[in-house]
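K.L.:
Can you keep this structure in mind? I'll have questions shortly.
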Amino acid sequence: MAPKLSKKEKAELKRIADEEAAAAAAAAAEAAEKEREAEEARLAQLEKERKDEEARLQAELDLRIEDEQVANAAMSGERSQALIAAQAAALARDEWQVFLACNPLPDVMSECAVNGFLTEWMEKPREGADHLDLTLADCTLCVELLRSLQLEGAYAAARGDAKCAAWQQRAQLMLRNEMNKKIDGATADFLQRADEFANAKHECMTCVASPGCRYGLWVNLAKNPRVKSVDLPELQCSVELPKALALASIAVRVVHTPVDLCTNYGKAQPEGTPAPVPGLMTLGGVLNFALLALPPTAKKIKGWTMRQVTEMTTSVVSVQYPMPNADGSMPAPGSAPPLRIQCVVDPHVILPDTVEGSDENAFAIKDEEPEGAPKKKMVGMTVGIWDDDEAAWKVGADVSLVEFAAETRTLSFQSTRLAQLALLQPTHLELPYKNWLFSPSGPSSSTLYLETQRFSIEISISEKGCVLQKPNRTELEGIVGVPMAATTLLLRLAACGINLSPKDTDALSLERITPKESSVEVEMHDALTAIIARYQMAPSRWNLSRGPAKCTVRINPVEADLGEEKPKPADPYAAVGDWETLEYAYRRVLLISALDSDATCDDSPQEGTVAHSTPLECLKPKDPDVIDILHSSSRFYQDTTRQLLNSLRLFSFTQEPPKD
């Protein structure tokens, strides 16, 4: 039996054990620290080796890019010169067609001609009794010129002529301002002589249904007016007046322009002020409602008619609504009775689908369903008011009870403000794109199949321009089957309600969509034009995960019998298989190992391949025929495709395609 230890001995043993444990812990900590330092050193060495390897590969790539640029300088110069010559020939043809047409409008490609037209119109003297009719006829020409300048300005920007696009934008603003000034002057002249046209009820009405500027003016000259409704049949519009206006001697003016004279011509925002978020587009033009004060009554003395010369002699004075109280104070916000406005939506506007429910951002459909059926709403559509201070369309408390009669296409709503009103639709209804396929049918022709959230779109591309093939709807009559520039086609589609020119701000309303960097996107579109005559292209499921600085696309060489005509497939997307993937980044293009059927994205180069400066250089070793086909392809056709891709932004706004 072991001897019993004293307290002192126990304490000593405990001290020794504690010291041994502390020493062991210190040794373990020291070993762990050395192991950590060794691991850090190993990782640092690996990181250094990785960076050194990246630097070596980048240096090799830089040298390869320089060599490729030198080797391809002659071909690049030839392609640039061919494009310049093709563009010059196209512009010359357009100028000749303008000359043959003997159009009273100036050539929108000539800054001198447009400025001369504007100066002549500004200096044009006021006419006599037909002042209003002649002014509105001139305004119709002005709207046609504005529309042409808008289309040509977009085309100039797309082809890289920034100087031309800038002066055309300035010309649009000047024409719009002068048009408003002319309309105000003609209205003032008519109001001065309104008593000459008054009927037995001491009111007069004039409507001029000019194609480019529909105009209606109702003037109440009665001392005790009690008019409740103003009908303007030529404008297919009516206004129900509240009591406050029914008892006032005023004029109601309605001006409808088929083009949006607000969105692109608003006041410039102060420097440093964030621009208003877009996201709403007008459909069917803009209705400008205004309450106007009447000039002093003319006096007739001994056969003479005497009229006072005031500010209302040459221009109009708008009456604020809600109108001030008798003591000059303003009514409380929201207390003003609304005006009930009815108008007919233009037949070329495509109306969105309907859904059951009560979405506050949509409006109700009337007289469409039998009694007792679930109430339906129009998806996304509403009516808004232009806020000139913020240069944006506003949807809110000023407009209410918006309804639409589908059979007659009649839109009705209540508004507590009279200003510029328009039927509005979100710009992102077609986004994100579901799927797309670019398929060449010849060295200078191809077809783009595009599946949006609402439509299946088919666009044929050739040297003559872009031709819309589908959807073939009555609203698109005049667009389907007509060759036109890419930007012109997309602007005309947007006017019908199909917006295929997304902006970065549209991504705010979409899930899992991050736009690509514009410089990378534009460079990629330009680089792809060298292979579009040879390769089919489809979206890659890895494109979204690559971030904003990289793009991926699936490519597939077409068959050798490229020039033979083939019937179009019923489902073009069915032929898309597990095509190889091309990755594009700034100064780096390569074929990567990842396929759409893979579980993860392996972005290492394909076996036997390296990074290059362009897609063409990546594909030349595997496909020698691509150079011959490139030389046989029209440079003007290639640039038309580039412009179309720049507007559509397929790589920024396409959702992840389904896994093959």
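Identifiers for the structure tokens are assigned positionally: chains receive A, B, ... in sequence, residues are indexed from 1 per chain, and ligands are indexed from 1 in the order shown.
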So that I can see what lies close to Arg587 in chain A, please list as JSON, numbers by chain the residues with an atom at most 10 Å from it, counting only C-alpha atoms and leaving out residues fewer than 6 positions away in the same chain.
P.N.:
{"A": [58, 61, 62, 65, 520, 523, 611, 612, 613, 614]}
K.L.:
Which residues, written as a list in words, have at least one atom at most 12 Å from Ala157 in chain A, with only C-alpha atoms counted and residues fewer than 2 positions away on the same chain left out?
P.N.:
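Residues meeting the cut-off are Leu149, Gln150, Leu151, Glu152, Gly153, Ala154, Tyr155, Arg159, Gly160, Asp161, Ala162, Lys163, Cys164, Ala165, Ala166, Trp167, Gln168, Gln169, Ala486, Thr487, Thr488, Gln643, Asn646 and Ser647 of chain A.
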K.L.:
Which residue is closest to Asp388 in chain A? Choose from A:Val553, A:Val114, A:Cys262, A:Ala17 and count only C-alpha atoms.
P.N.:
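Nearest candidate to Asp388 in chain A out of A:Val553, A:Val114, A:Cys262, A:Ala17: A:Cys262.
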K.L.:
CA of Gly608 in chain A and CA of Ile629 in chain A, how far apart in Å?
P.N.:
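Taking CA of Ile629 in chain A and CA of Gly608 in chain A, their separation equals 24.2 Å.
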K.L.:
Select, from A:Pro432, A:Pro440, A:Pro605, A:Pro572, the residue with the minimum atom-to-atom distance to Glu656 in chain A, counting only C-alpha atoms.
P.N.:
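That would be A:Pro432, the residue with the smallest distance to Glu656 in chain A.
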K.L.:
Excluding same-chain residues fewer than 5 positions from range 591-593 of chain A, what lies within 9 Å of it counting only C-alpha atoms, as a PyMOL selection string?
P.N.:
chain A and resi 580-584+601-607+609-611+615+618-619
K.L.:
Please run DSSP on the backbone and report, as number ranges by chain, all residues within range 560-616 of chain A that come out as strand (DSSP E or B).
P.N.:
A: 580-585, 588-592, 605, 612
K.L.:
For range 132-134 of chain A, list every protein, DNA or RNA residue within 10 Å, evaluated using only C-alpha atoms, and leave out those in the same chain fewer than 6 positions away; present the list as number ranges by chain.
P.N.:
A: 126, 140, 182-190, 206-210, 215
K.L.:
Quick one: everything within 12 Å of Glu123 in chain A, counting only C-alpha atoms, minus sequence neighbours fewer than 4 positions away in the same chain. Send it as a list in words.
P.N.:
Gly116, Phe117, Leu118, Thr119, Glu178 and Lys182 of chain A
K.L.:
Tell me, as a list in words, which residues lie within 8 Å of Leu528 in chain A, counting only C-alpha atoms; anything in the same chain fewer than 3 positions away does not count.
P.N.:
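The neighbour list is Met524, His525, Ile531, Ile532, Pro615 and Leu616 of chain A.
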K.L.:
What does the distance from CA of Leu46 in chain A to CA of Ala27 in chain A come to in Å, to one decimal?
P.N.:
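Separating CA of Leu46 in chain A from CA of Ala27 in chain A is a distance of 28.1 Å.
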K.L.:
Could you list, as a list of chain:residue names, every residue within 9 Å of Arg454 in chain A, counting only C-alpha atoms and ignoring same-chain residues fewer than 4 positions away?
P.N.:
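Returned residues: A:Pro352, A:Asp353, A:Leu429, A:Glu430, A:Leu431.
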K.L.:
The selected residues should be written to file as a PDB file, in the first residue's frame (atoms: C-alpha atoms).
P.N.:
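Final file, selection06.pdb:
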```
ATOM      1  CA  PRO A 352     -50.830  43.155 -73.133  1.00  0.00           C
ATOM      2  CA  ASP A 353     -52.423  39.971 -71.877  1.00  0.00           C
ATOM      3  CA  LEU A 429     -42.337  43.142 -70.506  1.00  0.00           C
ATOM      4  CA  GLU A 430     -40.317  41.108 -73.032  1.00  0.00           C
ATOM      5  CA  LEU A 431     -37.483  40.462 -70.561  1.00  0.00           C
TER       6      LEU A 431
END
```
K.L.:
What separation in Å, quoted to one decimal, exists between CA of Thr282 in chain A and CA of Thr427 in chain A?
P.N.:
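One can read the CA of Thr282 in chain A to CA of Thr427 in chain A distance as 9.3 Å.
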K.L.:
Restrict the calculation to only C-alpha atoms, then for each residue of range 490-509 of chain A with any atom at most 12 Å from an atom of range 477-482 of chain A give the closest atom pair and their distance in Å to one decimal, rows by chain and rising residue number, as a tab-separated table.
P.N.:
```
residue	atom	partner	partner_atom	distance
A:Leu490	CA	A:Ile479	CA	10.2
A:Leu491	CA	A:Ile479	CA	10.8
A:Arg492	CA	A:Ile479	CA	7.6
A:Leu493	CA	A:Ile479	CA	8.0
A:Ala494	CA	A:Ile479	CA	11.6
A:Ala495	CA	A:Ile479	CA	11.1
A:Cys496	CA	A:Ile479	CA	10.0
```
